[in-house]
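*Asks:* Sharing a structure, written as structure tokens. Questions coming.
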Amino acid sequence: MSTLTRADNGLNVAGISHTSAGARVDLVLVAQMVDNGARVLDVGCGDGELLRLLSETRGVDGRGIELSREGVNECVAKGLAVIQGDADTDLGDYPDDAFDYVILSQTLQATRHPRTVLEHMLRIGSRAIVSFPNFGHWQVRLQLLLAGHMPRTDMLPFSWYDTPNIHHCTIKDFRQLCTEIGVKMEKAVALNAWGSPLRLNAPWWFWNLFGEQAVFLLSRKD
Amino acid sequence: MTEVADSPREADQPRESLIAYFGPDKPLRLDAGVDLAPFQIAYKTYGTLNAQRSNAVLICHALTGDQHVASIHPVTRKSGWWETMVGPGRPIDTERYFVICPNVMGACMGTTGPSSTDPKTGKPWGLDFPVITIRDMVRAQAMLLDHLGIDSLFTIAGGSMGGMQVLQWAASYPERVFSALPIACATRHSAQNIAFHEVGRQAIMADPEWCAGRYLLDGTNPRRGLAVARMGAHITYLSDAALHRKFGRKFQDRANPTFSFDADFEVESYLRHQGISFVERFDANSYLYLTRAMDYFDLAADYDGVLAKAFSRSPTRFCVISFTSDWLFPTSESRAIVHALNAASARVSFAEIVTDKGHDAFLLDEPELFAIVRGFLDGAGGARGLDSRS
């Protein structure tokens, strides 16, 4: 039933958490999905950590969009090409095929129209990389089931009333969306609560239960 | 009347400036359809050009600026207009970069303009001087760079009308501009801004001493008109919040209103001072010509109305900067530049800086502005292969 075979596709998941001391594991994972020298747009680039990692380890031509003024100004002062903008409103200004990769790192759940954002990403770039916290993780499920309150975890530390995250989804939900809008899932990695990748041959329900976050490499369907 | 005597002398023989002469063999082809020759450009340089000639920086001044960007002004004896930004150890570091700042065409500080002497008549040009555009200014600056033997600029920076020149440079000579800093500007002058300029021009023309532009010949000076033009314009450079913070409704040297039309309020006194001190250093006709140049600026119009075409395949690295309280060139104008650059897949950064200082913020002490310019230039310098220290 799956459109995605989680063969490792050259992605060296073993020892990922050790490959780049200091860098966040999910960022390293994203970086490993990017070809050297590619043109990359990082949507919601925050303080520019991923763009910097990409330019240092992959030699990419990187650009960023960030909503917060503090983040933008910090990035520009670091010499990164970043503009202030909103994933929900500003992606429409980019021409088709302007980038090789459009990356949405831990931002999908904070957009107002995740589906439109995803569609724009694959219009602007030939590939998209999306990482997001998995709302199907067992800790999230248990908190709601047993404690009866909105889940708060290391990845989702906000109270329900002041969270920027308005569109949570599970790995299963995300795969369904990809199928719905006709997006090809090329690679996927799920990380457990300790930041280690889950076994590739584990079933999807296992990923959805034990993956605390997931990273998907997507491309347009031919 | 010393100002009247000073103006033409500064216009023809600027003090403390370098001059590049362009003879009849090197005319400046103007958008107005005439060739201007001969003409001259007054400019200042700071720092040293490196052996690779790769560290040249062009600073473009705003409407009432001049070449004295980082050194004492010969007329006012005040410090340079952008000394917070340009100088040793400053974000545009004259210990690293070779900084060139020319006076624009049509101005009055030594580059050929309406107060310069027309060599054909031996008299000041006055209104016989052809109308100048932003593109003409940039064309003349390109001739200056040729004259100096500089093929490509490491960066070009300017605010307001200076930012317009930066954008025109990037559009006209993309291969000569490695990086660009258009600050607090727009790709076209808005109807509101044209309207403000027209009020200023009418104030000058309404002054009987303007004498239909022949005041230098008649020995008069439309200082009242020019001062009023400056007062009106100066309000647009500030913000309601900044005026309130600085002056509020405070009285000037008095406890109660005088029930007259004296400058009772501090803000009135301040504006009058701005007007009076401006006429000491600026020529009324130049004010007409330069405001006109800004009014005519519409970069997209030269590219079938599609701004992105002005920057298509641009190799330049851009850093666009705007200020939250700037209502003369609001952030929306900078966003339009950014959208066009994105549509052209150009490499662009964009930052909006929070300040209540209005349009003039680009000239003032804004630490975030300096951090951004420094970071942008460090990144560009790395890509250009410039040493961090030379």
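Chain labels run A, B, ... following the order of the structure tokens; each chain numbers its residues from 1, and ligands are numbered from 1 in the order shown.
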For chain B, report every residue with an atom at most 9 Å from chain A (counting only C-alpha atoms), formatted as number ranges by chain.
*Replies:* B: 317-320, 338-340, 342-345, 347-354, 368-380
*Asks:* Please list as a PyMOL selection string every residue within 7 Å of region 176-189 of chain B, counting only C-alpha atoms and excluding residues in the same chain fewer than 2 positions away.
*Replies:* chain B and resi 151-161+163-164+166-167+170+173-174+191+193-194+294-295+297-299+316-323+329+333-334+337+359+380
*Asks:* Those residues you just picked out, can you put them in a file as a CSV table (one decimal), in the first residue's frame with N, CA and C atoms?
*Replies:*
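To be explicit, this is the file written out as selection-v7.csv:
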```csv
chain,number,residue,atom,x,y,z
B,151,ASP,N,36.8,48.3,-12.7
B,151,ASP,CA,35.8,47.6,-13.5
B,151,ASP,C,34.6,47.2,-12.7
B,152,SER,N,34.9,46.7,-11.5
B,152,SER,CA,33.8,46.2,-10.7
B,152,SER,C,33.8,46.7,-9.3
B,153,LEU,N,32.6,47.0,-8.8
B,153,LEU,CA,32.5,47.4,-7.4
B,153,LEU,C,32.3,46.3,-6.5
B,154,PHE,N,33.0,46.3,-5.3
B,154,PHE,CA,32.7,45.2,-4.3
B,154,PHE,C,31.3,45.5,-3.8
B,155,THR,N,31.0,46.7,-3.5
B,155,THR,CA,29.6,47.0,-3.1
B,155,THR,C,29.2,48.4,-3.4
B,156,ILE,N,27.9,48.6,-3.5
B,156,ILE,CA,27.4,50.0,-3.7
B,156,ILE,C,26.3,50.2,-2.7
B,157,ALA,N,26.3,51.3,-2.0
B,157,ALA,CA,25.4,51.5,-0.9
B,157,ALA,C,24.8,52.9,-1.0
B,158,GLY,N,23.5,53.0,-0.6
B,158,GLY,CA,22.9,54.3,-0.5
B,158,GLY,C,21.5,54.3,0.1
B,159,GLY,N,21.1,55.4,0.7
B,159,GLY,CA,19.7,55.4,1.2
B,159,GLY,C,18.9,56.4,0.4
B,160,SER,N,17.6,56.2,0.4
B,160,SER,CA,16.7,57.2,-0.3
B,160,SER,C,17.1,57.4,-1.7
B,161,MET,N,17.3,58.6,-2.2
B,161,MET,CA,17.7,58.8,-3.6
B,161,MET,C,19.0,58.0,-3.9
B,163,GLY,N,19.6,55.1,-2.6
B,163,GLY,CA,19.1,53.7,-2.9
B,163,GLY,C,18.6,53.5,-4.3
B,164,MET,N,18.0,54.6,-4.8
B,164,MET,CA,17.5,54.6,-6.2
B,164,MET,C,18.7,54.4,-7.1
B,166,VAL,N,21.5,53.0,-6.4
B,166,VAL,CA,22.0,51.6,-6.2
B,166,VAL,C,21.2,50.6,-7.1
B,167,LEU,N,19.9,50.8,-7.0
B,167,LEU,CA,19.0,49.9,-7.8
B,167,LEU,C,19.3,50.1,-9.3
B,170,ALA,N,22.5,48.4,-10.3
B,170,ALA,CA,22.3,46.9,-10.4
B,170,ALA,C,21.6,46.5,-11.7
B,173,TYR,N,24.2,48.0,-14.8
B,173,TYR,CA,25.5,47.4,-14.9
B,173,TYR,C,25.7,46.2,-14.0
B,174,PRO,N,24.9,45.2,-14.1
B,174,PRO,CA,24.9,44.1,-13.1
B,174,PRO,C,26.3,43.5,-13.0
B,191,ALA,N,3.1,58.6,-5.9
B,191,ALA,CA,2.4,59.9,-6.1
B,191,ALA,C,2.5,60.8,-4.9
B,193,ASN,N,4.9,61.1,-2.8
B,193,ASN,CA,6.2,61.7,-2.8
B,193,ASN,C,6.4,62.7,-3.8
B,194,ILE,N,5.9,62.5,-5.0
B,194,ILE,CA,5.9,63.5,-6.1
B,194,ILE,C,5.2,64.7,-5.6
B,294,MET,N,14.2,62.3,-8.9
B,294,MET,CA,13.6,61.3,-8.1
B,294,MET,C,12.1,61.0,-8.6
B,295,ASP,N,11.4,62.1,-8.9
B,295,ASP,CA,10.0,62.0,-9.4
B,295,ASP,C,10.0,61.1,-10.7
B,297,PHE,N,11.9,58.8,-11.5
B,297,PHE,CA,12.5,57.4,-11.3
B,297,PHE,C,11.3,56.4,-11.3
B,298,ASP,N,11.4,55.4,-12.3
B,298,ASP,CA,10.5,54.3,-12.3
B,298,ASP,C,11.2,53.2,-13.0
B,299,LEU,N,11.9,52.4,-12.3
B,299,LEU,CA,12.8,51.4,-12.8
B,299,LEU,C,12.1,50.4,-13.7
B,316,THR,N,24.3,39.9,-8.8
B,316,THR,CA,24.6,40.8,-7.6
B,316,THR,C,24.0,40.2,-6.3
B,317,ARG,N,24.7,40.3,-5.2
B,317,ARG,CA,24.1,40.0,-3.9
B,317,ARG,C,23.5,41.2,-3.3
B,318,PHE,N,22.2,41.1,-3.0
B,318,PHE,CA,21.5,42.3,-2.5
B,318,PHE,C,21.2,42.2,-1.0
B,319,CYS,N,21.2,43.3,-0.4
B,319,CYS,CA,20.7,43.4,1.0
B,319,CYS,C,19.8,44.7,1.1
B,320,VAL,N,18.5,44.4,1.1
B,320,VAL,CA,17.5,45.5,1.1
B,320,VAL,C,17.2,45.8,2.6
B,321,ILE,N,17.1,47.0,2.9
B,321,ILE,CA,16.8,47.4,4.3
B,321,ILE,C,15.8,48.5,4.4
B,322,SER,N,14.8,48.3,5.3
B,322,SER,CA,13.8,49.4,5.5
B,322,SER,C,13.6,49.6,7.0
B,323,PHE,N,12.9,50.6,7.3
B,323,PHE,CA,12.6,51.0,8.7
B,323,PHE,C,11.1,51.1,9.0
B,329,PHE,N,9.4,56.2,2.4
B,329,PHE,CA,9.7,55.0,1.7
B,329,PHE,C,9.4,53.8,2.6
B,333,GLU,N,7.5,49.3,0.0
B,333,GLU,CA,8.3,49.6,-1.2
B,333,GLU,C,9.5,48.7,-1.3
B,334,SER,N,10.1,48.4,-0.1
B,334,SER,CA,11.3,47.5,-0.1
B,334,SER,C,10.8,46.1,-0.4
B,337,ILE,N,10.7,45.5,-4.0
B,337,ILE,CA,12.0,45.2,-4.5
B,337,ILE,C,12.4,43.8,-4.3
B,359,HIS,N,12.2,58.1,8.1
B,359,HIS,CA,13.1,57.9,7.0
B,359,HIS,C,14.5,58.2,7.3
B,380,ALA,N,29.8,38.9,1.9
B,380,ALA,CA,30.1,39.2,0.5
B,380,ALA,C,31.6,39.2,0.3
```
*Asks:* Residues within 6 Å of region 226-231 of chain B, please, as a PyMOL selection string. Count only C-alpha atoms; anything in the same chain fewer than 2 positions from it doesn't count.
*Replies:* chain B and resi 200+203-204+223-224+233-234+271+275-276+284
*Asks:* Could you dump the residues just selected with C-alpha atoms as a PDB file, in the first residue's frame?
*Replies:*
```pdb
ATOM      1  CA  GLY B 200       8.807  72.168  -2.278  1.00  0.00           C
ATOM      2  CA  ALA B 203       7.745  77.170  -2.553  1.00  0.00           C
ATOM      3  CA  ILE B 204      11.039  77.949  -4.309  1.00  0.00           C
ATOM      4  CA  ARG B 223      16.430  81.467   0.467  1.00  0.00           C
ATOM      5  CA  ARG B 224      12.940  81.791   1.925  1.00  0.00           C
ATOM      6  CA  ALA B 233      10.524  67.910   3.285  1.00  0.00           C
ATOM      7  CA  HIS B 234      12.153  67.559   6.685  1.00  0.00           C
ATOM      8  CA  LEU B 271      12.092  73.426  11.563  1.00  0.00           C
ATOM      9  CA  GLY B 275      15.390  75.578   6.779  1.00  0.00           C
ATOM     10  CA  ILE B 276      17.828  78.407   7.482  1.00  0.00           C
ATOM     11  CA  ALA B 284      17.636  76.228  -5.026  1.00  0.00           C
TER      12      ALA B 284
END
```
*Asks:* So which bits of region 30-92 of chain A end up helix (DSSP H, G or I) when you DSSP the backbone, as a list in words?
*Replies:*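 Selecting the helix (DSSP H, G or I) positions of region 30-92 of chain A gives Val30, Ala31, Gln32, Glu49, Leu50, Leu51, Arg52, Leu53, Leu54, Ser55, Glu56, Thr57, Arg69, Glu70, Gly71, Val72, Asn73, Glu74, Cys75, Val76, Ala77, Ala87, Asp88, Thr89, Asp90, Leu91 and Gly92 of chain A.
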*Asks:* What separation in Å, quoted to one decimal, exists between CA of Leu328 (chain B) and CA of Arg245 (chain B)?
*Replies:* 19.1 Å
*Asks:* For region 179-194 of chain A, please output as a PDB file with C-alpha atoms, in the first residue's frame all residues within 6 Å (counting only C-alpha atoms; exclusion window: fewer than 4 positions along the same chain).
*Replies:*
```
ATOM      1  CA  LEU A   4       7.408   4.803  -0.390  1.00  0.00           C
ATOM      2  CA  LEU A 198      14.165   4.042  13.736  1.00  0.00           C
ATOM      3  CA  PHE A 210       7.720   5.603  18.192  1.00  0.00           C
ATOM      4  CA  GLY A 211       8.907   8.325  15.845  1.00  0.00           C
ATOM      5  CA  GLU A 212       9.074  11.601  17.722  1.00  0.00           C
ATOM      6  CA  GLN A 213       9.809  13.467  14.531  1.00  0.00           C
ATOM      7  CA  ALA A 214      10.030  12.627  10.851  1.00  0.00           C
ATOM      8  CA  VAL A 215      11.910  13.918   7.818  1.00  0.00           C
ATOM      9  CA  PHE A 216      10.513  13.376   4.320  1.00  0.00           C
ATOM     10  CA  LEU A 217      12.190  13.981   0.979  1.00  0.00           C
ATOM     11  CA  LEU A 218       9.488  14.662  -1.612  1.00  0.00           C
ATOM     12  CA  SER A 219       9.425  15.223  -5.338  1.00  0.00           C
ATOM     13  CA  ARG A 220       6.811  15.883  -7.991  1.00  0.00           C
ATOM     14  CA  LYS A 221       5.096  12.898  -9.474  1.00  0.00           C
TER      15      LYS A 221
END
```
*Asks:* Contacts of Phe174 (chain A) at 10 Å or less, counting only C-alpha atoms, minus same-chain residues fewer than 3 places along, as a PyMOL selection string?
*Replies:* chain A and resi 115+130+132+134+168-171+177-180+214+216
*Asks:* Can you spit out the residues from that selection as a CSV table (one decimal), in the first residue's frame, using C-alpha atoms?
*Replies:*
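The resulting file, again_33.csv, is shown below:
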```csv
chain,number,residue,atom,x,y,z
A,115,ARG,CA,-1.3,21.9,2.0
A,130,VAL,CA,9.8,18.5,5.3
A,132,PHE,CA,7.9,17.9,11.6
A,134,ASN,CA,4.9,13.5,15.0
A,168,HIS,CA,-0.3,19.2,14.2
A,169,CYS,CA,-0.2,16.0,12.2
A,170,THR,CA,1.0,12.5,12.6
A,171,ILE,CA,3.3,10.6,10.2
A,177,LEU,CA,-1.7,14.4,2.4
A,178,CYS,CA,1.2,13.5,0.2
A,179,THR,CA,-0.9,10.9,-1.5
A,180,GLU,CA,-3.8,13.2,-1.8
A,214,ALA,CA,10.0,12.6,10.9
A,216,PHE,CA,10.5,13.4,4.3
```
*Asks:* Pick out each residue of region 14-138 of chain A that DSSP on the backbone tags as strand (DSSP E or B); I need them as a PyMOL selection string.
*Replies:* chain A and resi 39-43+61-66+81-84+99-105+125-134
*Asks:* Keeping only C-alpha atoms, write the selected residues as a PDB file, in the first residue's frame.
*Replies:*
```pdb
ATOM      1  CA  ARG A  39      20.144  25.756  -4.843  1.00  0.00           C
ATOM      2  CA  VAL A  40      18.216  25.643  -1.593  1.00  0.00           C
ATOM      3  CA  LEU A  41      15.401  27.699  -0.090  1.00  0.00           C
ATOM      4  CA  ASP A  42      14.888  27.205   3.653  1.00  0.00           C
ATOM      5  CA  VAL A  43      11.382  28.287   4.607  1.00  0.00           C
ATOM      6  CA  ASP A  61      23.617  28.299  -2.682  1.00  0.00           C
ATOM      7  CA  GLY A  62      21.188  28.870   0.176  1.00  0.00           C
ATOM      8  CA  ARG A  63      18.405  31.381   0.746  1.00  0.00           C
ATOM      9  CA  GLY A  64      16.021  31.692   3.634  1.00  0.00           C
ATOM     10  CA  ILE A  65      12.630  33.071   4.618  1.00  0.00           C
ATOM     11  CA  GLU A  66      11.923  33.775   8.261  1.00  0.00           C
ATOM     12  CA  ALA A  81      20.748  35.561   2.306  1.00  0.00           C
ATOM     13  CA  VAL A  82      17.533  35.689   4.279  1.00  0.00           C
ATOM     14  CA  ILE A  83      14.413  37.781   3.871  1.00  0.00           C
ATOM     15  CA  GLN A  84      11.599  38.525   6.235  1.00  0.00           C
ATOM     16  CA  PHE A  99      15.419  25.985  -6.488  1.00  0.00           C
ATOM     17  CA  ASP A 100      16.594  22.383  -6.377  1.00  0.00           C
ATOM     18  CA  TYR A 101      15.313  21.951  -2.825  1.00  0.00           C
ATOM     19  CA  VAL A 102      12.783  23.828  -0.763  1.00  0.00           C
ATOM     20  CA  ILE A 103      13.088  22.924   2.915  1.00  0.00           C
ATOM     21  CA  LEU A 104      10.489  23.298   5.629  1.00  0.00           C
ATOM     22  CA  SER A 105      12.174  22.375   8.867  1.00  0.00           C
ATOM     23  CA  GLY A 125      11.655  23.526  -6.118  1.00  0.00           C
ATOM     24  CA  SER A 126      11.981  20.227  -7.893  1.00  0.00           C
ATOM     25  CA  ARG A 127      12.258  18.601  -4.471  1.00  0.00           C
ATOM     26  CA  ALA A 128      11.013  19.409  -1.007  1.00  0.00           C
ATOM     27  CA  ILE A 129      12.275  18.321   2.376  1.00  0.00           C
ATOM     28  CA  VAL A 130       9.833  18.502   5.260  1.00  0.00           C
ATOM     29  CA  SER A 131      10.564  17.728   8.891  1.00  0.00           C
ATOM     30  CA  PHE A 132       7.900  17.890  11.563  1.00  0.00           C
ATOM     31  CA  PRO A 133       7.097  16.677  15.069  1.00  0.00           C
ATOM     32  CA  ASN A 134       4.945  13.534  14.965  1.00  0.00           C
TER      33      ASN A 134
END
```
*Asks:* Name the residues in contact with Ala32 (chain B) at a cut-off of 8 Å, using only C-alpha atoms, excluding same-chain residues fewer than 5 positions from it; report them as a list of chain:residue names.
*Replies:*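 Close residues of Ala32 (chain B): B:Pro130, B:Val131, B:Ile132.
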*Asks:* From the set B:Phe282, B:Phe311, B:Trp125, B:Phe98, which residue has the shortest atom-to-atom contact distance to Asn50 (chain B), counting only C-alpha atoms?
*Replies:*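 With only C-alpha atoms as the atom set, the closest residue is B:Phe98.
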